[in-house]
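Trainee: My structure file input-v6.pdb, PDB, C-alpha atoms, is below:
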ATOM      1  CA  MET E  18      18.971   6.822  28.499
ATOM      2  CA  SER E  19      21.685   8.622  30.421
ATOM      3  CA  PRO E  20      22.820  12.053  29.210
ATOM      4  CA  LEU E  21      26.156  12.523  27.493
ATOM      5  CA  HIS E  22      28.924  14.025  29.526
ATOM      6  CA  PRO E  23      29.505  17.518  28.064
ATOM      7  CA  GLY E  24      33.294  17.158  28.285
ATOM      8  CA  PRO E  25      33.802  15.062  25.105
ATOM      9  CA  LEU E  26      31.446  17.402  23.239
ATOM     10  CA  ALA E  27      33.939  20.258  23.634
ATOM     11  CA  ARG E  28      36.567  18.406  21.601
ATOM     12  CA  ALA E  29      34.318  16.470  19.211
ATOM     13  CA  ARG E  30      34.695  16.849  15.462
ATOM     14  CA  LEU E  31      31.600  17.903  13.541
ATOM     15  CA  LEU E  32      30.940  15.878  10.382
ATOM     16  CA  THR E  33      28.045  16.088   7.942
ATOM     17  CA  SER E  34      26.649  13.847   5.217
ATOM     18  CA  PRO E  35      26.388  14.902   1.556
ATOM     19  CA  SER E  36      22.616  15.292   1.966
ATOM     20  CA  VAL E  37      22.994  18.278   4.310
ATOM     21  CA  ALA E  38      22.559  21.599   2.482
ATOM     22  CA  PRO E  39      25.397  24.158   2.611
ATOM     23  CA  GLU E  40      23.108  26.646   4.338
ATOM     24  CA  VAL E  41      22.413  24.113   7.074
ATOM     25  CA  ILE E  42      26.115  23.291   7.458
ATOM     26  CA  HIS E  43      26.833  26.992   7.930
ATOM     27  CA  GLU E  44      24.283  27.143  10.758
ATOM     28  CA  LEU E  45      25.644  23.955  12.351
ATOM     29  CA  GLU E  46      29.111  25.509  12.362
ATOM     30  CA  ARG E  47      27.723  28.641  13.982
ATOM     31  CA  ILE E  48      25.907  26.643  16.688
ATOM     32  CA  THR E  49      28.860  24.405  17.514
ATOM     33  CA  GLY E  50      31.618  26.956  17.011
ATOM     34  CA  ARG E  51      33.708  24.617  14.865
ATOM     35  CA  PRO E  52      34.133  23.784  11.181
ATOM     36  CA  ALA E  53      32.254  20.860   9.672
ATOM     37  CA  GLY E  54      34.184  18.088   7.967
ATOM     38  CA  PRO E  55      32.922  15.759   5.218
ATOM     39  CA  SER E  56      31.454  12.334   5.698
ATOM     40  CA  PRO E  57      34.154   9.631   5.606
ATOM     41  CA  ALA E  58      32.446   8.104   2.584
ATOM     42  CA  THR E  59      32.894  11.323   0.593
ATOM     43  CA  ALA E  60      36.343  12.432   1.751
ATOM     44  CA  PRO E  61      38.644  13.024  -1.270
ATOM     45  CA  ASP E  62      40.845  10.015  -0.491
ATOM     46  CA  GLY E  63      38.103   7.683   0.652
ATOM     47  CA  PRO E  64      37.256   6.691   4.233
ATOM     48  CA  VAL E  65      39.261   8.546   6.840
ATOM     49  CA  GLY E  66      39.844   7.522  10.420
ATOM     50  CA  TYR E  67      38.931  10.277  12.858
ATOM     51  CA  ASP E  68      40.618  10.223  16.232
ATOM     52  CA  GLY E  69      38.495  11.222  19.174
ATOM     53  CA  PRO E  70      34.770  11.844  19.548
ATOM     54  CA  VAL E  71      32.616  12.628  16.521
ATOM     55  CA  VAL E  72      29.282  14.417  16.140
ATOM     56  CA  TYR E  73      27.639  13.472  12.849
ATOM     57  CA  VAL E  74      24.632  15.110  11.203
ATOM     58  CA  GLY E  75      22.977  13.415   8.256
ATOM     59  CA  ASP E  76      20.517  10.894   6.910
ATOM     60  CA  LEU E  77      22.426   7.597   7.086
ATOM     61  CA  LEU E  78      25.387   6.698   9.273
ATOM     62  CA  PRO E  79      28.484   5.592   7.306
ATOM     63  CA  GLU E  80      29.838   2.216   8.380
ATOM     64  CA  ALA E  81      33.208   3.885   9.036
ATOM     65  CA  LEU E  82      31.587   5.827  11.876
ATOM     66  CA  ARG E  83      29.876   2.896  13.589
ATOM     67  CA  THR E  84      32.682   2.886  16.136
ATOM     68  CA  PRO E  85      33.185   3.850  19.783
ATOM     69  CA  ASP E  86      34.341   7.271  18.520
ATOM     70  CA  LEU E  87      30.782   8.164  17.567
ATOM     71  CA  LEU E  88      29.577  10.452  20.327
ATOM     72  CA  TRP E  89      26.322  11.597  18.801
ATOM     73  CA  PHE E  90      24.369  11.195  15.574
ATOM     74  CA  HIS E  91      21.674  13.747  14.750
ATOM     75  CA  SER E  92      19.287  12.470  12.096
ATOM     76  CA  VAL E  93      17.858  14.982   9.630
ATOM     77  CA  SER E  94      14.697  12.843   9.560
ATOM     78  CA  ALA E  95      12.096  11.975  12.175
ATOM     79  CA  GLY E  96      12.172   8.261  11.416
ATOM     80  CA  THR E  97      15.222   6.325  12.594
ATOM     81  CA  ASP E  98      14.170   2.745  11.821
ATOM     82  CA  ALA E  99      16.476   2.474   8.777
ATOM     83  CA  LEU E 100      19.424   3.699  10.848
ATOM     84  CA  LEU E 101      18.860   1.134  13.565
ATOM     85  CA  ALA E 102      18.147  -1.681  11.115
ATOM     86  CA  ALA E 103      21.474  -1.153   9.339
ATOM     87  CA  GLY E 104      23.464  -2.698  12.174
ATOM     88  CA  PRO E 105      24.183  -2.617  15.910
ATOM     89  CA  TRP E 106      24.116   0.910  17.277
ATOM     90  CA  PRO E 107      27.480   1.990  18.746
ATOM     91  CA  GLU E 108      27.326   1.537  22.491
ATOM     92  CA  GLY E 109      26.879   4.772  24.367
ATOM     93  CA  ALA E 110      26.318   6.891  21.243
ATOM     94  CA  LEU E 111      23.463   9.381  21.440
ATOM     95  CA  LEU E 112      20.870   9.334  18.662
ATOM     96  CA  THR E 113      18.595  12.336  18.167
ATOM     97  CA  ARG E 114      16.121  13.109  15.417
ATOM     98  CA  THR E 115      14.549  16.043  13.615
ATOM     99  CA  VAL E 116      10.845  16.640  14.136
ATOM    100  CA  GLY E 117      10.539  20.415  13.683
ATOM    101  CA  ARG E 118       7.082  21.352  12.447
ATOM    102  CA  MET E 119       6.439  17.890  11.073
ATOM    103  CA  GLY E 120       3.575  17.317  13.473
ATOM    104  CA  GLU E 121       1.867  20.478  12.243
ATOM    105  CA  ARG E 122       2.357  19.499   8.600
ATOM    106  CA  ILE E 123       1.085  15.954   9.127
ATOM    107  CA  ALA E 124      -1.886  17.236  11.110
ATOM    108  CA  GLN E 125      -2.891  19.540   8.257
ATOM    109  CA  TYR E 126      -2.419  16.729   5.747
ATOM    110  CA  THR E 127      -4.735  14.500   7.767
ATOM    111  CA  LEU E 128      -7.353  17.208   8.220
ATOM    112  CA  ALA E 129      -7.217  18.057   4.508
ATOM    113  CA  TRP E 130      -8.225  14.538   3.477
ATOM    114  CA  MET E 131     -10.968  14.412   6.083
ATOM    115  CA  LEU E 132     -12.392  17.721   4.854
ATOM    116  CA  ALA E 133     -12.038  16.619   1.242
ATOM    117  CA  GLU E 134     -14.405  13.736   1.903
ATOM    118  CA  CYS E 135     -16.887  15.915   3.814
ATOM    119  CA  GLN E 136     -16.948  18.462   0.987
ATOM    120  CA  SER E 137     -17.110  15.794  -1.770
ATOM    121  CA  VAL E 138     -13.895  17.130  -3.322
ATOM    122  CA  PRO E 139     -13.118  13.941  -5.308
ATOM    123  CA  GLU E 140     -16.673  13.829  -6.666
ATOM    124  CA  HIS E 141     -16.669  17.538  -7.576
ATOM    125  CA  THR E 142     -13.330  17.077  -9.337
ATOM    126  CA  ALA E 143     -14.710  14.146 -11.328
ATOM    127  CA  GLN E 144     -17.831  16.139 -12.261
ATOM    128  CA  HIS E 145     -15.695  19.049 -13.429
ATOM    129  CA  SER E 146     -13.748  16.750 -15.749
ATOM    130  CA  ARG E 147     -17.102  15.735 -17.303
ATOM    131  CA  SER E 148     -18.441  19.334 -17.464
ATOM    132  CA  GLU E 149     -21.273  18.119 -15.260
ATOM    133  CA  TRP E 150     -23.350  20.407 -13.016
ATOM    134  CA  ARG E 151     -24.932  18.494 -10.148
ATOM    135  CA  ARG E 152     -25.318  19.467  -6.520
ATOM    136  CA  LEU E 153     -23.584  17.199  -4.060
ATOM    137  CA  PRO E 154     -24.179  17.046  -0.323
ATOM    138  CA  SER E 155     -21.551  18.286   2.107
ATOM    139  CA  GLY E 156     -20.966  17.225   5.673
ATOM    140  CA  LEU E 157     -19.224  18.355   8.827
ATOM    141  CA  ILE E 158     -16.321  16.669  10.549
ATOM    142  CA  ALA E 159     -17.534  18.048  13.886
ATOM    143  CA  GLY E 160     -18.732  15.170  16.035
ATOM    144  CA  GLN E 161     -16.873  12.494  14.093
ATOM    145  CA  THR E 162     -14.500  10.196  15.969
ATOM    146  CA  ALA E 163     -10.841   9.816  15.016
ATOM    147  CA  VAL E 164      -8.800   7.018  16.559
ATOM    148  CA  ILE E 165      -5.122   7.929  16.412
ATOM    149  CA  HIS E 166      -2.511   5.232  16.888
ATOM    150  CA  GLY E 167       0.625   6.792  18.343
ATOM    151  CA  THR E 168       0.358   9.421  21.063
ATOM    152  CA  GLY E 169       3.786  11.036  20.762
ATOM    153  CA  ARG E 170       4.643  14.423  19.291
ATOM    154  CA  ILE E 171       3.115  13.776  15.870
ATOM    155  CA  GLY E 172       0.026  11.941  17.087
ATOM    156  CA  SER E 173      -0.598  14.671  19.632
ATOM    157  CA  ALA E 174      -0.280  17.380  16.957
ATOM    158  CA  VAL E 175      -2.837  15.573  14.796
ATOM    159  CA  ALA E 176      -5.174  15.223  17.756
ATOM    160  CA  GLN E 177      -4.895  18.901  18.704
ATOM    161  CA  LEU E 178      -5.843  20.125  15.239
ATOM    162  CA  LEU E 179      -8.710  17.663  14.879
ATOM    163  CA  ARG E 180     -10.057  18.485  18.318
ATOM    164  CA  ALA E 181     -10.002  22.181  17.408
ATOM    165  CA  CYS E 182     -12.476  21.188  14.666
ATOM    166  CA  SER E 183     -14.672  19.440  17.251
ATOM    167  CA  VAL E 184     -13.583  15.948  16.252
ATOM    168  CA  ARG E 185     -13.593  13.399  19.072
ATOM    169  CA  THR E 186     -10.039  12.132  19.500
ATOM    170  CA  VAL E 187      -9.115   8.767  20.974
ATOM    171  CA  GLY E 188      -5.451   7.842  21.252
ATOM    172  CA  VAL E 189      -4.085   4.309  21.180
ATOM    173  CA  SER E 190      -0.847   3.680  23.048
ATOM    174  CA  ARG E 191       1.167   0.509  23.524
ATOM    175  CA  THR E 192       2.119   1.490  27.080
ATOM    176  CA  PRO E 193       0.111   3.156  29.879
ATOM    177  CA  ARG E 194       0.565   6.905  29.983
ATOM    178  CA  ASP E 195      -1.133  10.153  30.950
ATOM    179  CA  VAL E 196      -3.505  11.590  28.365
ATOM    180  CA  PRO E 197      -1.415  13.852  26.075
ATOM    181  CA  VAL E 198      -2.619  17.231  24.891
ATOM    182  CA  GLY E 199      -5.237  16.937  22.152
ATOM    183  CA  PHE E 200      -6.727  13.588  23.158
ATOM    184  CA  GLU E 201      -9.990  13.134  24.980
ATOM    185  CA  ARG E 202      -8.830   9.755  26.182
ATOM    186  CA  VAL E 203      -6.188   7.111  25.524
ATOM    187  CA  VAL E 204      -6.734   3.345  25.383
ATOM    188  CA  LEU E 205      -4.195   0.547  25.393
ATOM    189  CA  ALA E 206      -3.417  -1.330  22.203
ATOM    190  CA  GLY E 207      -4.548  -4.927  22.128
ATOM    191  CA  THR E 208      -7.406  -4.454  24.569
ATOM    192  CA  GLY E 209     -11.162  -4.545  24.246
ATOM    193  CA  GLU E 210     -11.151  -0.759  24.588
ATOM    194  CA  GLU E 211      -9.138  -0.455  21.373
ATOM    195  CA  THR E 212     -11.510  -2.839  19.564
ATOM    196  CA  THR E 213     -14.515  -0.785  20.700
ATOM    197  CA  ALA E 214     -12.838   2.472  19.656
ATOM    198  CA  LEU E 215     -12.064   1.087  16.187
ATOM    199  CA  ALA E 216     -15.704   0.047  15.761
ATOM    200  CA  GLN E 217     -16.852   3.591  16.615
ATOM    201  CA  ALA E 218     -14.257   5.411  14.491
ATOM    202  CA  ARG E 219     -15.085   7.415  11.401
ATOM    203  CA  TRP E 220     -11.343   7.772  10.843
ATOM    204  CA  VAL E 221      -8.353   5.718  11.968
ATOM    205  CA  VAL E 222      -5.010   7.507  11.735
ATOM    206  CA  SER E 223      -1.645   5.807  12.141
ATOM    207  CA  THR E 224       1.386   7.832  13.210
ATOM    208  CA  LEU E 225       3.297   4.765  14.403
ATOM    209  CA  PRO E 226       7.063   4.385  14.011
ATOM    210  CA  LEU E 227       8.424   1.105  12.653
ATOM    211  CA  THR E 228       9.803  -1.223  15.308
ATOM    212  CA  ASP E 229       9.742  -4.966  15.877
ATOM    213  CA  ALA E 230       6.570  -4.430  17.895
ATOM    214  CA  THR E 231       4.751  -2.362  15.239
ATOM    215  CA  GLU E 232       5.604  -4.272  12.061
ATOM    216  CA  ARG E 233       2.264  -5.353  10.488
ATOM    217  CA  PHE E 234       0.537  -3.832  13.524
ATOM    218  CA  PHE E 235      -2.560  -3.169  11.424
ATOM    219  CA  ASP E 236      -3.558  -6.767  10.876
ATOM    220  CA  GLU E 237      -6.741  -8.714  10.245
ATOM    221  CA  ALA E 238      -7.962  -8.273  13.818
ATOM    222  CA  ARG E 239      -7.705  -4.474  13.702
ATOM    223  CA  PHE E 240      -9.096  -3.987  10.199
ATOM    224  CA  SER E 241     -11.997  -6.388  10.843
ATOM    225  CA  ALA E 242     -12.843  -4.405  13.996
ATOM    226  CA  MET E 243     -13.490  -1.301  11.874
ATOM    227  CA  ARG E 244     -16.995  -0.551  10.684
ATOM    228  CA  GLY E 245     -16.436   1.462   7.522
ATOM    229  CA  ALA E 246     -13.723   3.760   8.876
ATOM    230  CA  GLY E 247     -11.426   5.801   6.676
ATOM    231  CA  PHE E 248      -7.780   4.812   7.198
ATOM    232  CA  VAL E 249      -4.914   7.315   6.980
ATOM    233  CA  ASN E 250      -1.310   6.143   7.335
ATOM    234  CA  VAL E 251       1.256   8.870   7.955
ATOM    235  CA  GLY E 252       3.579   6.718  10.058
ATOM    236  CA  ARG E 253       5.489   3.873   8.412
ATOM    237  CA  GLY E 254       4.316   1.671   5.570
ATOM    238  CA  ALA E 255       5.444  -1.624   7.065
ATOM    239  CA  THR E 256       3.143  -1.144  10.062
ATOM    240  CA  VAL E 257       0.320  -2.208   7.722
ATOM    241  CA  ASP E 258      -0.337  -5.705   6.415
ATOM    242  CA  MET E 259      -1.183  -4.650   2.852
ATOM    243  CA  PRO E 260      -3.074  -7.803   1.708
ATOM    244  CA  THR E 261      -5.270  -7.479   4.797
ATOM    245  CA  LEU E 262      -5.930  -3.801   4.063
ATOM    246  CA  GLU E 263      -6.897  -4.736   0.512
ATOM    247  CA  ALA E 264      -9.356  -7.317   1.817
ATOM    248  CA  ALA E 265     -10.813  -4.774   4.250
ATOM    249  CA  LEU E 266     -11.324  -2.264   1.432
ATOM    250  CA  HIS E 267     -13.134  -4.889  -0.637
ATOM    251  CA  SER E 268     -15.325  -5.939   2.301
ATOM    252  CA  GLY E 269     -16.148  -2.354   3.294
ATOM    253  CA  ALA E 270     -14.602  -2.634   6.765
ATOM    254  CA  VAL E 271     -12.372   0.204   5.553
ATOM    255  CA  ARG E 272     -14.336   2.884   3.691
ATOM    256  CA  ARG E 273     -11.357   4.520   2.018
ATOM    257  CA  ALA E 274      -7.616   4.730   2.535
ATOM    258  CA  VAL E 275      -5.064   7.521   2.260
ATOM    259  CA  LEU E 276      -1.524   6.152   2.317
ATOM    260  CA  ASP E 277       1.415   8.524   2.487
ATOM    261  CA  VAL E 278       3.760   5.624   3.177
ATOM    262  CA  LEU E 279       4.135   2.095   1.805
ATOM    263  CA  PRO E 280       6.192  -0.935   2.860
ATOM    264  CA  ASP E 281       8.296  -0.606  -0.299
ATOM    265  CA  GLU E 282       9.139   2.881  -1.544
ATOM    266  CA  PRO E 283       9.089   4.322  -4.088
ATOM    267  CA  ALA E 284       6.173   2.355  -5.463
ATOM    268  CA  GLY E 285       6.751   1.312  -9.056
ATOM    269  CA  PRO E 286       4.034   1.471 -11.734
ATOM    270  CA  GLY E 287       3.270  -2.202 -11.245
ATOM    271  CA  ASP E 288       2.897  -2.031  -7.470
ATOM    272  CA  ARG E 289      -0.390  -3.592  -6.383
ATOM    273  CA  ALA E 290      -0.992  -0.643  -4.033
ATOM    274  CA  TRP E 291      -1.933   1.568  -7.003
ATOM    275  CA  ARG E 292      -4.895  -0.716  -7.713
ATOM    276  CA  LEU E 293      -6.421  -0.675  -4.243
ATOM    277  CA  PRO E 294     -10.068   0.448  -4.377
ATOM    278  CA  ARG E 295     -11.013   3.869  -2.961
ATOM    279  CA  THR E 296      -7.395   4.593  -2.105
ATOM    280  CA  VAL E 297      -5.120   7.574  -2.667
ATOM    281  CA  ILE E 298      -1.346   7.200  -2.395
ATOM    282  CA  THR E 299       0.895  10.200  -1.830
ATOM    283  CA  SER E 300       4.672  10.114  -2.120
ATOM    284  CA  HIS E 301       5.804  10.148   1.538
ATOM    285  CA  SER E 302       5.268  13.894   1.517
ATOM    286  CA  ALA E 303       2.903  14.576   4.418
ATOM    287  CA  GLY E 304       5.685  15.764   6.710
ATOM    288  CA  ILE E 305       8.733  16.644   4.649
ATOM    289  CA  THR E 306      11.540  17.970   6.851
ATOM    290  CA  ALA E 307      12.615  21.536   6.071
ATOM    291  CA  ASP E 308      16.164  22.841   6.485
ATOM    292  CA  GLU E 309      15.064  25.187   9.261
ATOM    293  CA  ASP E 310      13.676  22.176  11.166
ATOM    294  CA  VAL E 311      17.111  20.525  11.145
ATOM    295  CA  VAL E 312      18.805  23.671  12.422
ATOM    296  CA  THR E 313      16.227  24.389  15.123
ATOM    297  CA  ASP E 314      16.145  20.852  16.489
ATOM    298  CA  PHE E 315      19.912  20.378  16.364
ATOM    299  CA  ALA E 316      20.378  23.635  18.265
ATOM    300  CA  ALA E 317      17.977  22.487  20.982
ATOM    301  CA  CYS E 318      19.761  19.134  21.258
ATOM    302  CA  TRP E 319      23.188  20.810  21.326
ATOM    303  CA  GLU E 320      22.097  23.063  24.187
ATOM    304  CA  ALA E 321      20.772  20.101  26.158
ATOM    305  CA  VAL E 322      23.916  17.998  25.649
ATOM    306  CA  ALA E 323      26.170  20.952  26.524
ATOM    307  CA  GLU E 324      24.268  21.304  29.804
ATOM    308  CA  GLY E 325      24.484  17.592  30.566
ATOM    309  CA  ARG E 326      20.804  16.921  29.880
ATOM    310  CA  THR E 327      19.251  14.247  27.669
ATOM    311  CA  PRO E 328      17.638  16.015  24.686
ATOM    312  CA  ALA E 329      13.875  15.770  24.334
ATOM    313  CA  LEU E 330      14.454  14.455  20.795
ATOM    314  CA  ALA E 331      16.709  11.596  21.933
ATOM    315  CA  VAL E 332      15.807   8.147  20.571
ATOM    316  CA  ASP E 333      15.789   5.088  22.794
ATOM    317  CA  THR E 334      17.829   2.843  20.477
ATOM    318  CA  ARG E 335      16.545  -0.295  22.224
ATOM    319  CA  ARG E 336      12.896   0.591  21.641
ATOM    320  CA  GLY E 337      13.460   2.212  18.252
ATOM    321  CA  TYR E 338      11.788   5.572  18.971
TER
END
What does the file become when written as structure tokens?

Mentor:
Amino acid sequence: MSPLHPGPLARARLLTSPSVAPEVIHELERITGRPAGPSPATAPDGPVGYDGPVVYVGDLLPEALRTPDLLWFHSVSAGTDALLAAGPWPEGALLTRTVGRMGERIAQYTLAWMLAECQSVPEHTAQHSRSEWRRLPSGLIAGQTAVIHGTGRIGSAVAQLLRACSVRTVGVSRTPRDVPVGFERVVLAGTGEETTALAQARWVVSTLPLTDATERFFDEARFSAMRGAGFVNVGRGATVDMPTLEAALHSGAVRRAVLDVLPDEPAGPGDRAWRLPRTVITSHSAGITADEDVVTDFAACWEAVAEGRTPALAVDTRRGY
């Protein structure tokens, strides 16, 4: 990815989607030093043609802006798979995303469910509902092994928090790379090292984005390699082959599952996922983006672009992350 030339940025129009809060728009105007216009889809007279370069901040990109005039799109979300799946990305347009403190939030979410099992929280809750007094054993997560698929910002944040609790952390990456902060070691996906790590894992955590290469990544081979691991998915739902996960839960290859994401969201009352054994589903809420995250990350990206640098939060639109 080559950086944007800062020249067009100086004369670019700032546009925002209806999903962006007024308080955020005010901060975007302060950062850029220009007023924010409405999304073409919500302009009073319908779609409007904007001459010259455009910087757009929002959740989805209106079709009217999928043109060579799009200079830069800043997503208010961390995931950009829906954006890229909607159609060809305008050539040369920069795509950045919002991460903020999402890694910290997702790390705490993951740790919370691990601790809940160690402290028998579900069993204590069930006993309370029956007015039953019975001592239950508790355990420690120290010394357990967590295999974390995805070694980027979010995976690294999960690893750092778990390692602070003396959990052994093994990262799984699709490409060779140095060992990121928080991981004891990193193995390559699709190798015997990954298979061995999955067999030794007490917990398997997915932070994977959704790309062509990661769709149904967690397949029969990976689930059958597990030996009673707990599975936590905080990445994307479609990275999991759900019928295979169901079979692994029934066989015991997967001890329990915590799914913050599903292939089809929101899950309706009749969705088969609700009937998976020993599974808890949460409503894609492990790492909700806060308004301050959008402002902070946009400001960092704006500074980088203005200085002719590629922002750290830039997305490689060919790879999808």

Trainee: Convert the output of the PyMOL selection byres ((chain E and resi 89) around 9) on the shown file into explicit residues, formatted as a list in words.

Mentor: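 Expected selection for the PyMOL selection byres ((chain E and resi 89) around 9) here is Leu21, Leu26, Pro70, Val71, Val72, Tyr73, Val74, Leu87, Leu88, Phe90, His91, Gly109, Ala110, Leu111, Leu112 and Thr113 of chain E.
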
Trainee: Please compute the CA of Leu31 in chain E-CA of Arg51 in chain E distance, one decimal, in Å.

Mentor: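 Taking CA of Leu31 in chain E as the start and CA of Arg51 in chain E as the end point, the length is 7.2 Å.
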
Trainee: Would you compute the distance between CA of Arg219 in chain E and CA of Gly269 in chain E? Give it in Å to one decimal.

Mentor: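 Taking CA of Arg219 in chain E as the start and CA of Gly269 in chain E as the end point, the length is 12.7 Å.
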
Trainee: Taking only C-alpha atoms into account, which of E:Gly172, E:Asp86, E:Ser155, E:Val187 comes nearest Pro25 in chain E?

Mentor: E:Asp86

Trainee: Quick one: everything within 10 Å of Val322 in chain E, counting only C-alpha atoms, minus sequence neighbours fewer than 2 positions away in the same chain. Send it as a PyMOL selection string.

Mentor: chain E and resi 20-24+26+89+111+316-320+324-328

Trainee: Please compute the CA of Val257 in chain E-CA of Phe235 in chain E distance, one decimal, in Å.

Mentor: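 Distance between the two atoms: 4.8 Å.
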
Trainee: Selection in question (the file shown): the PyMOL selection byres ((chain E and resi 162-171) around 6). Which residues does it include, as number ranges by chain?

Mentor: E: 120, 161, 172-174, 184-190, 218-225

Trainee: Ranking E:Thr296, E:Gly252, E:Ala290, E:Ala143 by minimum distance to Leu266 in chain E and counting only C-alpha atoms, which one comes first?

Mentor: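 Of E:Thr296, E:Gly252, E:Ala290, E:Ala143, the one nearest Leu266 in chain E is E:Thr296, counting only C-alpha atoms.
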
Trainee: Please, what is the axis-aligned box for every listed atom of range 300-308 of chain E with 6 Å on each side, as centre and edge lengths in Å to one decimal, as JSON?

Mentor:
{"center_x": 9.5, "center_y": 16.5, "center_z": 2.4, "size_x": 25.3, "size_y": 24.7, "size_z": 21.0}

Trainee: I want to know what sits within 10 Å of Glu282 in chain E, based on only C-alpha atoms, with residues of the same chain fewer than 4 positions away left out; could you give that as a PyMOL selection string?

Mentor: chain E and resi 254+278+288+300-301

Trainee: List every protein, DNA or RNA residue with an atom no more than 12 Å from (-5.9, 12.7, 3.5) in the file's coordinates, counting only C-alpha atoms, and format the result as a ChimeraX atom specification.

Mentor: /E:122-135,138-139,220-223,247-251,273-278,296-299,302-303

Trainee: Please evaluate the PyMOL selection byres ((chain E and resi 230) around 10) against the structure above and give the resulting residues as a list of chain:residue names.

Mentor: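 Residues picked by the PyMOL selection byres ((chain E and resi 230) around 10): E:Arg191, E:Pro226, E:Leu227, E:Thr228, E:Asp229, E:Thr231, E:Glu232, E:Arg233, E:Phe234, E:Thr256, E:Arg336, E:Gly337.
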